[in-house]
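Colleague: My structure is in entry_28.txt, and what it holds is compact mmCIF, C-alpha atoms and all ligand atoms:
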```txt
# COMPACT_ATOMS: atom_id res chain seq x y z
CA MET A 24 0.00 0.00 0.00
CA GLY A 25 1.08 3.59 -0.50
CA ILE A 26 2.26 6.41 1.69
CA TYR A 27 0.60 9.80 1.30
CA ALA A 28 0.96 13.19 2.97
CA LEU A 29 -1.61 15.94 3.18
CA THR A 30 -1.88 19.33 4.80
CA GLY A 31 -5.13 20.43 6.44
CA GLY A 32 -6.22 16.90 7.28
CA ALA A 33 -7.87 17.69 10.61
CA THR A 34 -11.28 18.78 9.34
CA GLY A 35 -13.47 19.18 6.26
CA ILE A 36 -12.27 18.04 2.85
CA GLY A 37 -8.81 17.08 4.14
CA ALA A 38 -10.27 14.86 6.87
CA ALA A 39 -12.46 13.12 4.26
CA ILE A 40 -9.42 12.52 2.01
CA LYS A 41 -7.48 11.12 4.99
CA THR A 42 -10.36 8.78 5.90
CA GLN A 43 -10.80 7.51 2.34
CA LEU A 44 -7.07 6.95 1.76
CA ARG A 45 -6.76 5.08 5.08
CA ALA A 46 -9.83 2.96 4.20
CA LEU A 47 -7.98 1.94 1.02
CA GLY A 48 -5.14 0.73 3.24
CA HIS A 49 -2.72 3.59 2.68
CA GLU A 50 -0.55 5.28 5.28
CA VAL A 51 -1.40 9.00 5.58
CA ILE A 52 0.81 11.66 7.17
CA VAL A 53 -1.29 14.62 8.30
CA VAL A 54 0.10 18.13 8.65
CA ASP A 55 -2.17 20.58 10.48
CA LEU A 56 -2.13 23.36 13.02
CA ARG A 57 -2.80 21.15 16.05
CA GLU A 58 -4.25 17.73 15.21
CA GLY A 59 -1.62 16.21 12.98
CA ASP A 60 1.33 13.83 12.76
CA VAL A 61 3.20 17.04 12.06
CA CYS A 62 1.89 20.19 13.77
CA ALA A 63 2.87 23.32 11.89
CA ASP A 64 1.45 26.74 11.11
CA LEU A 65 1.77 27.06 7.34
CA ALA A 66 1.20 30.80 7.37
CA ASP A 67 4.92 31.48 7.62
CA ALA A 68 8.18 30.15 6.21
CA SER A 69 9.33 28.47 9.44
CA GLY A 70 6.04 26.55 9.74
CA ARG A 71 6.28 25.46 6.10
CA GLN A 72 9.84 24.22 6.68
CA LYS A 73 8.67 22.37 9.81
CA ALA A 74 6.00 20.69 7.68
CA ILE A 75 8.51 19.73 4.98
CA ASP A 76 11.02 18.40 7.55
CA GLY A 77 8.27 16.48 9.34
CA ILE A 78 7.04 14.81 6.15
CA ARG A 79 10.61 13.96 5.12
CA ALA A 80 11.29 12.38 8.52
CA LEU A 81 8.13 10.22 8.31
CA ALA A 82 8.54 9.25 4.62
CA PRO A 83 12.30 8.86 4.06
CA ALA A 84 11.76 6.42 1.16
CA GLY A 85 9.45 8.78 -0.71
CA LEU A 86 5.78 9.57 -1.19
CA ASP A 87 3.12 8.05 -3.44
CA GLY A 88 1.01 11.17 -3.16
CA PHE A 89 0.72 14.64 -1.69
CA ILE A 90 -2.33 16.83 -1.21
CA PRO A 91 -1.78 20.45 -0.08
CA CYS A 92 -5.32 20.89 1.23
CA ALA A 93 -4.91 23.37 4.12
CA GLY A 94 -6.78 26.56 3.38
CA LEU A 95 -8.70 29.47 4.84
CA GLY A 96 -12.01 30.89 3.68
CA PRO A 97 -12.79 34.47 2.65
CA SER A 98 -14.15 35.34 6.12
CA VAL A 99 -10.64 35.20 7.62
CA ARG A 100 -8.76 38.39 8.54
CA PRO A 101 -6.24 39.74 7.84
CA LEU A 102 -6.79 38.91 4.17
CA SER A 103 -3.07 38.29 3.75
CA LEU A 104 -3.45 35.10 5.83
CA ILE A 105 -5.52 33.69 2.96
CA THR A 106 -2.75 34.65 0.55
CA ARG A 107 -0.09 33.03 2.74
CA VAL A 108 -1.86 29.74 3.46
CA ASN A 109 -3.90 29.16 0.29
CA TYR A 110 -1.16 30.02 -2.20
CA PHE A 111 2.33 30.37 -0.76
CA ALA A 112 2.11 27.44 1.68
CA ALA A 113 0.58 25.13 -0.93
CA VAL A 114 3.36 25.92 -3.41
CA ALA A 115 6.21 25.88 -0.87
CA VAL A 116 5.35 22.53 0.71
CA THR A 117 4.70 20.97 -2.71
CA GLU A 118 8.13 22.10 -3.91
CA GLY A 119 9.69 20.98 -0.62
CA VAL A 120 8.52 17.38 -1.02
CA LEU A 121 8.77 17.08 -4.81
CA ASP A 122 11.89 14.88 -4.72
CA LEU A 123 10.05 12.44 -2.42
CA LEU A 124 7.34 12.16 -5.09
CA VAL A 125 9.85 11.79 -7.92
CA ARG A 126 11.40 8.85 -6.05
CA ARG A 127 8.14 6.85 -6.13
CA LYS A 128 6.55 8.37 -9.28
CA GLY A 129 3.91 9.85 -7.03
CA SER A 130 1.00 12.11 -7.73
CA ILE A 131 -0.12 15.50 -6.40
CA VAL A 132 -3.67 16.82 -6.13
CA MET A 133 -4.10 20.48 -5.28
CA ILE A 134 -7.33 21.91 -3.92
CA SER A 135 -8.34 24.88 -6.01
CA SER A 136 -11.92 26.22 -6.11
CA ASN A 137 -14.51 27.01 -8.76
CA SER A 138 -14.07 30.62 -7.62
CA ALA A 139 -10.65 30.50 -9.35
CA ALA A 140 -12.51 31.02 -12.62
CA MET A 141 -14.57 33.91 -11.21
CA THR A 142 -11.81 36.48 -10.83
CA ALA A 143 -9.47 38.44 -13.06
CA HIS A 144 -5.90 37.47 -13.86
CA ASP A 145 -4.79 40.75 -12.27
CA GLU A 146 -1.79 42.36 -10.57
CA TYR A 147 -2.39 40.32 -7.38
CA VAL A 148 -2.32 37.05 -9.31
CA GLU A 149 0.86 38.14 -11.09
CA LEU A 150 2.56 38.94 -7.75
CA LEU A 151 1.66 35.46 -6.48
CA LEU A 152 3.02 33.81 -9.60
CA ALA A 153 6.17 35.96 -9.30
CA ASP A 154 6.61 34.48 -5.79
CA ASP A 155 6.56 37.96 -4.22
CA GLU A 156 4.86 37.17 -0.91
CA THR A 157 5.60 40.54 0.71
CA ALA A 158 4.16 42.62 -2.13
CA ALA A 159 1.16 40.30 -2.63
CA CYS A 160 0.30 40.44 1.08
CA GLU A 161 0.60 44.24 1.12
CA LEU A 162 -1.56 44.62 -1.98
CA ILE A 163 -4.32 42.27 -0.82
CA GLU A 164 -4.93 44.32 2.32
CA THR A 165 -6.24 47.06 -0.01
CA LYS A 166 -8.65 44.66 -1.80
CA ASP A 167 -11.73 42.60 -0.90
CA ALA A 168 -12.20 39.07 0.45
CA HIS A 169 -13.36 37.56 -2.85
CA THR A 170 -10.24 38.83 -4.61
CA ALA A 171 -8.02 37.45 -1.83
CA TYR A 172 -9.58 33.99 -1.92
CA ALA A 173 -10.45 33.56 -5.59
CA GLY A 174 -7.20 35.23 -6.73
CA ALA A 175 -5.12 32.85 -4.62
CA LYS A 176 -6.98 29.84 -6.09
CA HIS A 177 -6.66 31.32 -9.61
CA ALA A 178 -2.91 31.71 -9.16
CA LEU A 179 -2.60 28.22 -7.68
CA SER A 180 -4.36 26.80 -10.73
CA CYS A 181 -2.02 28.73 -13.08
CA TRP A 182 0.99 27.58 -11.05
CA LEU A 183 -0.17 24.00 -11.43
CA ARG A 184 -0.67 24.32 -15.20
CA ARG A 185 2.71 26.02 -15.63
CA ASN A 186 4.51 23.26 -13.70
CA ALA A 187 2.53 20.19 -14.76
CA PRO A 188 4.56 19.41 -17.93
CA ASP A 189 7.90 19.58 -16.11
CA TYR A 190 6.57 17.52 -13.20
CA ALA A 191 5.17 14.98 -15.68
CA ARG A 192 8.59 14.63 -17.32
CA GLN A 193 9.89 13.76 -13.84
CA GLY A 194 7.19 11.09 -13.53
CA VAL A 195 4.95 13.09 -11.17
CA ARG A 196 1.34 13.78 -12.16
CA ILE A 197 -0.08 17.00 -10.74
CA ASN A 198 -3.79 17.81 -11.03
CA ALA A 199 -6.34 19.77 -9.04
CA VAL A 200 -9.95 19.67 -8.03
CA ALA A 201 -11.98 22.87 -8.11
CA PRO A 202 -14.76 22.35 -5.57
CA GLY A 203 -17.83 24.49 -5.40
CA ILE A 204 -19.47 25.23 -2.07
CA VAL A 205 -18.92 22.30 0.31
CA ASN A 206 -20.28 21.71 3.80
CA THR A 207 -17.20 22.18 6.04
CA PRO A 208 -16.12 24.35 8.98
CA LEU A 209 -14.69 26.79 6.39
CA SER A 210 -18.03 27.32 4.64
CA ASP A 211 -19.86 27.41 8.01
CA LYS A 212 -17.74 30.43 8.93
CA VAL A 213 -18.46 32.14 5.61
CA LEU A 214 -22.21 31.46 5.98
CA ALA A 215 -22.10 33.01 9.47
CA ASP A 216 -20.25 36.11 8.24
CA LYS A 217 -22.41 39.24 8.27
CA ASP A 218 -21.02 40.53 4.97
CA LEU A 219 -20.46 37.29 3.04
CA GLY A 220 -23.19 35.03 4.46
CA GLN A 221 -26.12 36.02 2.23
CA VAL A 222 -24.03 35.88 -0.97
CA MET A 223 -22.83 32.41 0.04
CA ARG A 224 -26.41 31.26 0.82
CA ASP A 225 -27.60 32.50 -2.59
CA PHE A 226 -24.64 30.78 -4.22
CA GLY A 227 -25.49 27.53 -2.41
CA ASP A 228 -29.15 27.79 -3.42
CA SER A 229 -28.22 28.08 -7.10
CA VAL A 230 -26.16 24.86 -7.39
CA PRO A 231 -27.66 23.07 -10.44
CA LEU A 232 -27.53 19.65 -8.76
CA GLY A 233 -29.72 21.11 -6.00
CA ALA A 234 -27.50 20.98 -2.92
CA ILE A 235 -24.10 22.05 -1.67
CA GLY A 236 -21.38 19.40 -1.72
CA GLN A 237 -20.20 17.12 1.05
CA PRO A 238 -16.48 16.68 1.81
CA GLU A 239 -16.69 12.98 0.88
CA GLN A 240 -17.81 13.90 -2.67
CA ILE A 241 -14.65 15.95 -3.16
CA ALA A 242 -12.44 13.32 -1.54
CA GLU A 243 -13.73 10.63 -3.94
CA VAL A 244 -12.44 12.63 -6.91
CA VAL A 245 -9.15 13.44 -5.16
CA CYS A 246 -8.57 9.73 -4.47
CA PHE A 247 -9.35 8.93 -8.11
CA LEU A 248 -6.86 11.57 -9.34
CA LEU A 249 -4.22 10.18 -6.98
CA SER A 250 -4.79 6.62 -8.18
CA GLU A 251 -3.49 4.67 -11.16
CA LYS A 252 -6.99 4.98 -12.66
CA ALA A 253 -5.99 8.55 -13.54
CA SER A 254 -2.58 7.52 -14.91
CA PHE A 255 -2.88 9.67 -18.09
CA MET A 256 -4.10 12.81 -16.28
CA ALA A 257 -1.63 15.64 -15.70
CA GLY A 258 -2.31 19.37 -15.48
CA SER A 259 -6.09 18.97 -15.21
CA LEU A 260 -8.37 21.18 -13.14
CA VAL A 261 -11.48 19.13 -12.40
CA PHE A 262 -14.59 21.08 -11.35
CA VAL A 263 -16.49 19.24 -8.62
CA ASP A 264 -19.22 21.79 -8.03
CA GLY A 265 -22.64 20.39 -8.84
CA GLY A 266 -22.62 22.07 -12.26
CA HIS A 267 -21.98 25.62 -11.04
CA ASP A 268 -19.05 26.42 -13.32
CA ALA A 269 -20.92 25.07 -16.36
CA MET A 270 -23.90 27.22 -15.41
CA LEU A 271 -21.84 30.38 -14.98
CA ARG A 272 -19.31 29.95 -17.82
CA PRO A 273 -20.88 27.58 -20.36
CA ASP A 274 -18.62 28.51 -23.27
CA GLN A 275 -15.29 28.64 -21.41
CA PHE A 276 -13.32 25.47 -20.87
P1 LIG A 301 -11.64 23.33 6.82
O1 LIG A 301 -11.58 24.59 7.60
O2 LIG A 301 -12.54 22.26 7.28
O3 LIG A 301 -10.19 22.67 6.68
C1 LIG A 301 -9.03 23.44 6.52
C2 LIG A 301 -7.91 22.75 7.25
O4 LIG A 301 -6.73 23.54 7.05
C3 LIG A 301 -8.15 22.66 8.77
O5 LIG A 301 -7.82 21.36 9.22
C4 LIG A 301 -7.24 23.72 9.32
O6 LIG A 301 -6.78 23.47 10.64
C5 LIG A 301 -6.09 23.70 8.30
N1 LIG A 301 -5.35 24.97 8.33
C6 LIG A 301 -5.86 26.21 8.21
N2 LIG A 301 -4.89 27.12 8.36
C7 LIG A 301 -3.73 26.44 8.57
C8 LIG A 301 -2.40 26.83 8.82
N3 LIG A 301 -2.04 28.12 8.89
N4 LIG A 301 -1.48 25.87 8.99
C9 LIG A 301 -1.83 24.54 8.95
N5 LIG A 301 -3.08 24.12 8.73
C10 LIG A 301 -4.03 25.05 8.55
O7 LIG A 301 -11.98 23.77 5.33
P2 LIG A 301 -12.27 22.96 3.99
O8 LIG A 301 -13.46 23.56 3.40
O9 LIG A 301 -12.20 21.49 4.19
O10 LIG A 301 -11.03 23.44 3.12
C11 LIG A 301 -10.07 22.57 2.57
C12 LIG A 301 -9.61 23.15 1.24
O11 LIG A 301 -10.71 23.15 0.34
C13 LIG A 301 -9.12 24.60 1.33
O12 LIG A 301 -7.97 24.75 0.54
C14 LIG A 301 -10.28 25.38 0.76
O13 LIG A 301 -9.88 26.61 0.21
C15 LIG A 301 -10.78 24.42 -0.28
N6 LIG A 301 -12.15 24.67 -0.74
C16 LIG A 301 -13.19 24.62 0.14
C17 LIG A 301 -14.48 24.89 -0.31
C18 LIG A 301 -15.67 24.87 0.60
O14 LIG A 301 -16.76 25.33 0.20
N7 LIG A 301 -15.56 24.34 1.82
C19 LIG A 301 -14.69 25.18 -1.66
C20 LIG A 301 -13.60 25.22 -2.53
C21 LIG A 301 -12.34 24.95 -2.06
```
Just give me the structure as structure tokens.
Ligand code: NAD

Modeller:
Amino acid sequence: MGIYALTGGATGIGAAIKTQLRALGHEVIVVDLREGDVCADLADASGRQKAIDGIRALAPAGLDGFIPCAGLGPSVRPLSLITRVNYFAAVAVTEGVLDLLVRRKGSIVMISSNSAAMTAHDEYVELLLADDETAACELIETKDAHTAYAGAKHALSCWLRRNAPDYARQGVRINAVAPGIVNTPLSDKVLADKDLGQVMRDFGDSVPLGAIGQPEQIAEVVCFLLSEKASFMAGSLVFVDGGHDAMLRPDQF
């Protein structure tokens, strides 16, 4: 059986991925703030290094898969925390364990969002892709929560697409899921937010399949992308959103 690592495995989508991988008989190393095999705060460089070192210590022979799932929703303040965790931590820890994945021809699944397609490829996104954390964090404090969240997921998706061919040549498949609204502690906080709650409720009510998603429905697709069943997939962004992206952007794919 395989050995996998994921960040953000304590709750929500990450916890569902952990449960499903373990049910398949795999070993799963969890990185999270408090409840993890490796406890690290991914908001800053020292926490990211602690996560990388912890994974390396627990998987010295390499990894079959990695899922940078830790993330914060748009209700979190300061907005730069979203930038740090959702983009910079995901990229830094992925790069920090890449050689472990190369060793076992492993696979990576990133957790984007269908909101990635609902924002502009703007100056903020360019700063993220230029790896300028200081400037991106300064800029985002002058913008709104949607831009912070969706922009970080947009940049993460571009980062994935830019790197997927090179990773593939090294034998590592990297793909992403783009979930729509899913029932987790993250979305609970957004629904309870006085500014964002109503927009989120309206968004949830308009899902074409008639309900918001459950973490297990996202985890099923993540486990498929990690598995040999997806052996010819690399660089794909798979919308798992009850039809929302198709409804909102029918002619863009
Ligand atoms: P969640 O809050 O249940 O899980 C997030 C996990 O990340 C938690 O275990 C949390 O402790 C961990 N985490 C947060 N900040 C951290 C930090 N600084 N260091 C280490 N760990 C940290 O939320 P979720 O909805 O399961 O989110 C998982 C991923 O799915 C996120 O990347 C999120 O952006 C993405 N996503 C969620 C939705 C949704 O509607 N819930 C939709 C699209 C994408």

Colleague: Mind giving me the straight-line distance from atom N2 of ligand LIG 301 (chain A) to CA of Gly94 in chain A in Å, one decimal?

Modeller: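 Separation between atom N2 of ligand LIG 301 (chain A) and CA of Gly94 in chain A: 5.4 Å.
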
Colleague: Return as JSON lines the residues of chain A lying at most 7 Å from ligand LIG 301 (chain A), together with the closest atom-to-atom pair for each and the distance in Å to one decimal, counting all atoms listed in the file, with rows in chain order and ascending residue number.

Modeller:
```
{"residue": "A:Thr30", "atom": "CA", "partner": "A:LIG301", "partner_atom": "N5", "distance": 6.3}
{"residue": "A:Gly31", "atom": "CA", "partner": "A:LIG301", "partner_atom": "O4", "distance": 3.6}
{"residue": "A:Gly32", "atom": "CA", "partner": "A:LIG301", "partner_atom": "O5", "distance": 5.1}
{"residue": "A:Ala33", "atom": "CA", "partner": "A:LIG301", "partner_atom": "O5", "distance": 3.9}
{"residue": "A:Thr34", "atom": "CA", "partner": "A:LIG301", "partner_atom": "O2", "distance": 4.2}
{"residue": "A:Gly35", "atom": "CA", "partner": "A:LIG301", "partner_atom": "O9", "distance": 3.4}
{"residue": "A:Ile36", "atom": "CA", "partner": "A:LIG301", "partner_atom": "O9", "distance": 3.7}
{"residue": "A:Gly37", "atom": "CA", "partner": "A:LIG301", "partner_atom": "O9", "distance": 5.6}
{"residue": "A:Val54", "atom": "CA", "partner": "A:LIG301", "partner_atom": "C9", "distance": 6.7}
{"residue": "A:Asp55", "atom": "CA", "partner": "A:LIG301", "partner_atom": "N5", "distance": 4.1}
{"residue": "A:Leu56", "atom": "CA", "partner": "A:LIG301", "partner_atom": "C9", "distance": 4.2}
{"residue": "A:Ala63", "atom": "CA", "partner": "A:LIG301", "partner_atom": "C9", "distance": 5.7}
{"residue": "A:Asp64", "atom": "CA", "partner": "A:LIG301", "partner_atom": "N4", "distance": 3.7}
{"residue": "A:Leu65", "atom": "CA", "partner": "A:LIG301", "partner_atom": "N4", "distance": 3.8}
{"residue": "A:Ala66", "atom": "CA", "partner": "A:LIG301", "partner_atom": "N3", "distance": 4.5}
{"residue": "A:Cys92", "atom": "CA", "partner": "A:LIG301", "partner_atom": "O12", "distance": 4.7}
{"residue": "A:Ala93", "atom": "CA", "partner": "A:LIG301", "partner_atom": "O4", "distance": 3.5}
{"residue": "A:Gly94", "atom": "CA", "partner": "A:LIG301", "partner_atom": "O12", "distance": 3.6}
{"residue": "A:Leu95", "atom": "CA", "partner": "A:LIG301", "partner_atom": "C6", "distance": 5.5}
{"residue": "A:Gly96", "atom": "CA", "partner": "A:LIG301", "partner_atom": "O13", "distance": 5.9}
{"residue": "A:Val108", "atom": "CA", "partner": "A:LIG301", "partner_atom": "N3", "distance": 5.7}
{"residue": "A:Asn109", "atom": "CA", "partner": "A:LIG301", "partner_atom": "O12", "distance": 6.0}
{"residue": "A:Ile134", "atom": "CA", "partner": "A:LIG301", "partner_atom": "O12", "distance": 5.3}
{"residue": "A:Ser135", "atom": "CA", "partner": "A:LIG301", "partner_atom": "C21", "distance": 5.6}
{"residue": "A:Ser136", "atom": "CA", "partner": "A:LIG301", "partner_atom": "C20", "distance": 4.1}
{"residue": "A:Asn137", "atom": "CA", "partner": "A:LIG301", "partner_atom": "C20", "distance": 6.5}
{"residue": "A:Ala201", "atom": "CA", "partner": "A:LIG301", "partner_atom": "C20", "distance": 6.3}
{"residue": "A:Pro202", "atom": "CA", "partner": "A:LIG301", "partner_atom": "C20", "distance": 4.3}
{"residue": "A:Gly203", "atom": "CA", "partner": "A:LIG301", "partner_atom": "C19", "distance": 4.9}
{"residue": "A:Ile204", "atom": "CA", "partner": "A:LIG301", "partner_atom": "O14", "distance": 3.5}
{"residue": "A:Val205", "atom": "CA", "partner": "A:LIG301", "partner_atom": "O14", "distance": 3.7}
{"residue": "A:Asn206", "atom": "CA", "partner": "A:LIG301", "partner_atom": "N7", "distance": 5.8}
{"residue": "A:Thr207", "atom": "CA", "partner": "A:LIG301", "partner_atom": "O8", "distance": 4.8}
{"residue": "A:Pro208", "atom": "CA", "partner": "A:LIG301", "partner_atom": "O2", "distance": 4.5}
{"residue": "A:Leu209", "atom": "CA", "partner": "A:LIG301", "partner_atom": "O1", "distance": 4.0}
{"residue": "A:Ser210", "atom": "CA", "partner": "A:LIG301", "partner_atom": "N7", "distance": 4.8}
{"residue": "A:Pro238", "atom": "CA", "partner": "A:LIG301", "partner_atom": "O9", "distance": 6.9}
```

Colleague: Find the residue from A:Arg57, A:Lys166, A:His49, A:Lys176 that sits nearest to Asp87 in chain A; use all atoms listed in the file when measuring.

Modeller: A:His49

Colleague: So which residues touch range 266-274 of chain A within 12 Å, counting all atoms listed in the file, skipping near sequence neighbours fewer than 4 positions away, as an mmCIF file with C-alpha atoms, keeping the file's coordinate frame?

Modeller:
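Output saved as part04.cif:
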```cif
data_model
loop_
_atom_site.group_PDB
_atom_site.id
_atom_site.type_symbol
_atom_site.label_atom_id
_atom_site.label_comp_id
_atom_site.auth_asym_id
_atom_site.auth_seq_id
_atom_site.Cartn_x
_atom_site.Cartn_y
_atom_site.Cartn_z
ATOM 1 C CA SER A 136 -11.920 26.220 -6.110
ATOM 2 C CA ASN A 137 -14.510 27.010 -8.760
ATOM 3 C CA SER A 138 -14.070 30.620 -7.620
ATOM 4 C CA ALA A 139 -10.650 30.500 -9.350
ATOM 5 C CA ALA A 140 -12.510 31.020 -12.620
ATOM 6 C CA MET A 141 -14.570 33.910 -11.210
ATOM 7 C CA ALA A 201 -11.980 22.870 -8.110
ATOM 8 C CA PRO A 202 -14.760 22.350 -5.570
ATOM 9 C CA GLY A 203 -17.830 24.490 -5.400
ATOM 10 C CA ILE A 204 -19.470 25.230 -2.070
ATOM 11 C CA PHE A 226 -24.640 30.780 -4.220
ATOM 12 C CA GLY A 227 -25.490 27.530 -2.410
ATOM 13 C CA ASP A 228 -29.150 27.790 -3.420
ATOM 14 C CA SER A 229 -28.220 28.080 -7.100
ATOM 15 C CA VAL A 230 -26.160 24.860 -7.390
ATOM 16 C CA PRO A 231 -27.660 23.070 -10.440
ATOM 17 C CA LEU A 232 -27.530 19.650 -8.760
ATOM 18 C CA GLY A 233 -29.720 21.110 -6.000
ATOM 19 C CA ALA A 234 -27.500 20.980 -2.920
ATOM 20 C CA ILE A 235 -24.100 22.050 -1.670
ATOM 21 C CA GLY A 236 -21.380 19.400 -1.720
ATOM 22 C CA LEU A 260 -8.370 21.180 -13.140
ATOM 23 C CA VAL A 261 -11.480 19.130 -12.400
ATOM 24 C CA PHE A 262 -14.590 21.080 -11.350
#
```

Colleague: Using all atoms listed in the file for the distances, tell me which of A:Val53, A:Ala38, A:Leu151, A:Ala242 is nearest to Ser180 in chain A.

Modeller: A:Leu151

Colleague: Show me, as a PDB file with C-alpha atoms, in the coordinates of the input, the residues that have an atom within 10 Å of Gly194 in chain A when counting all atoms listed in the file, minus same-chain residues fewer than 6 positions from it.

Modeller:
```
ATOM      1  CA  LEU A 124       7.340  12.160  -5.090  1.00  0.00           C
ATOM      2  CA  VAL A 125       9.850  11.790  -7.920  1.00  0.00           C
ATOM      3  CA  ARG A 126      11.400   8.850  -6.050  1.00  0.00           C
ATOM      4  CA  ARG A 127       8.140   6.850  -6.130  1.00  0.00           C
ATOM      5  CA  LYS A 128       6.550   8.370  -9.280  1.00  0.00           C
ATOM      6  CA  GLY A 129       3.910   9.850  -7.030  1.00  0.00           C
ATOM      7  CA  SER A 130       1.000  12.110  -7.730  1.00  0.00           C
ATOM      8  CA  PRO A 188       4.560  19.410 -17.930  1.00  0.00           C
TER       9      PRO A 188
END
```

Colleague: With a distance cut-off of 6 Å and only C-alpha atoms, select the neighbouring residues of Pro91 in chain A, excluding the residue or stretch itself and same-chain residues fewer than 5 positions from it, and output the selection as a tab-separated table (two decimals) with C-alpha atoms, in the frame of the given file.

Modeller:
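This is the output file result33.tsv:
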```
chain	number	residue	atom	x	y	z
A	29	LEU	CA	-1.61	15.94	3.18
A	30	THR	CA	-1.88	19.33	4.80
A	113	ALA	CA	0.58	25.13	-0.93
A	133	MET	CA	-4.10	20.48	-5.28
```

Colleague: Using Å and a single decimal, report how far CA of Ile78 in chain A sits from CA of Glu243 in chain A.

Modeller: 23.5 Å

Colleague: Could you please give me, as a PyMOL selection string, the residues of protein, DNA or RNA lying at most 12 Å from (1.4, 27.4, -11.8) in the coordinate frame of the file, considering all atoms listed in the file?

Modeller: chain A and resi 110-111+113-114+117-118+133+135+148-149+151-154+175-190+197-199+258-260

Colleague: Calculate, to one decimal in Å, the centre and edge lengths of the box along x, y and z of the file that holds all listed atoms of range 106-115 of chain A with 6 Å of margin on each side, and present them as AutoDock Vina command-line options.

Modeller:
```
--center_x 1.2 --center_y 29.9 --center_z 0.0 --size_x 22.1 --size_y 21.5 --size_z 18.9
```

Colleague: Could you give me, as a PyMOL selection string, the residues within 9 Å of Thr170 in chain A, counting only C-alpha atoms and dropping anything in the same chain fewer than 3 positions from it?

Modeller: chain A and resi 97+142-143+147+163+166-167+173-175

Colleague: Take the residues from that selection and put them in a file with C-alpha atoms, as a PDB file, in the frame of the given file.

Modeller:
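Okay, selection-v7.pdb is ready:
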```
ATOM      1  CA  PRO A  97     -12.790  34.470   2.650  1.00  0.00           C
ATOM      2  CA  THR A 142     -11.810  36.480 -10.830  1.00  0.00           C
ATOM      3  CA  ALA A 143      -9.470  38.440 -13.060  1.00  0.00           C
ATOM      4  CA  TYR A 147      -2.390  40.320  -7.380  1.00  0.00           C
ATOM      5  CA  ILE A 163      -4.320  42.270  -0.820  1.00  0.00           C
ATOM      6  CA  LYS A 166      -8.650  44.660  -1.800  1.00  0.00           C
ATOM      7  CA  ASP A 167     -11.730  42.600  -0.900  1.00  0.00           C
ATOM      8  CA  ALA A 173     -10.450  33.560  -5.590  1.00  0.00           C
ATOM      9  CA  GLY A 174      -7.200  35.230  -6.730  1.00  0.00           C
ATOM     10  CA  ALA A 175      -5.120  32.850  -4.620  1.00  0.00           C
TER      11      ALA A 175
END
```

Colleague: Between A:Tyr27, A:Phe255, A:Phe89, A:Phe276, which one has atoms that come closest to Val51 in chain A, using all atoms listed in the file?

Modeller: A:Tyr27
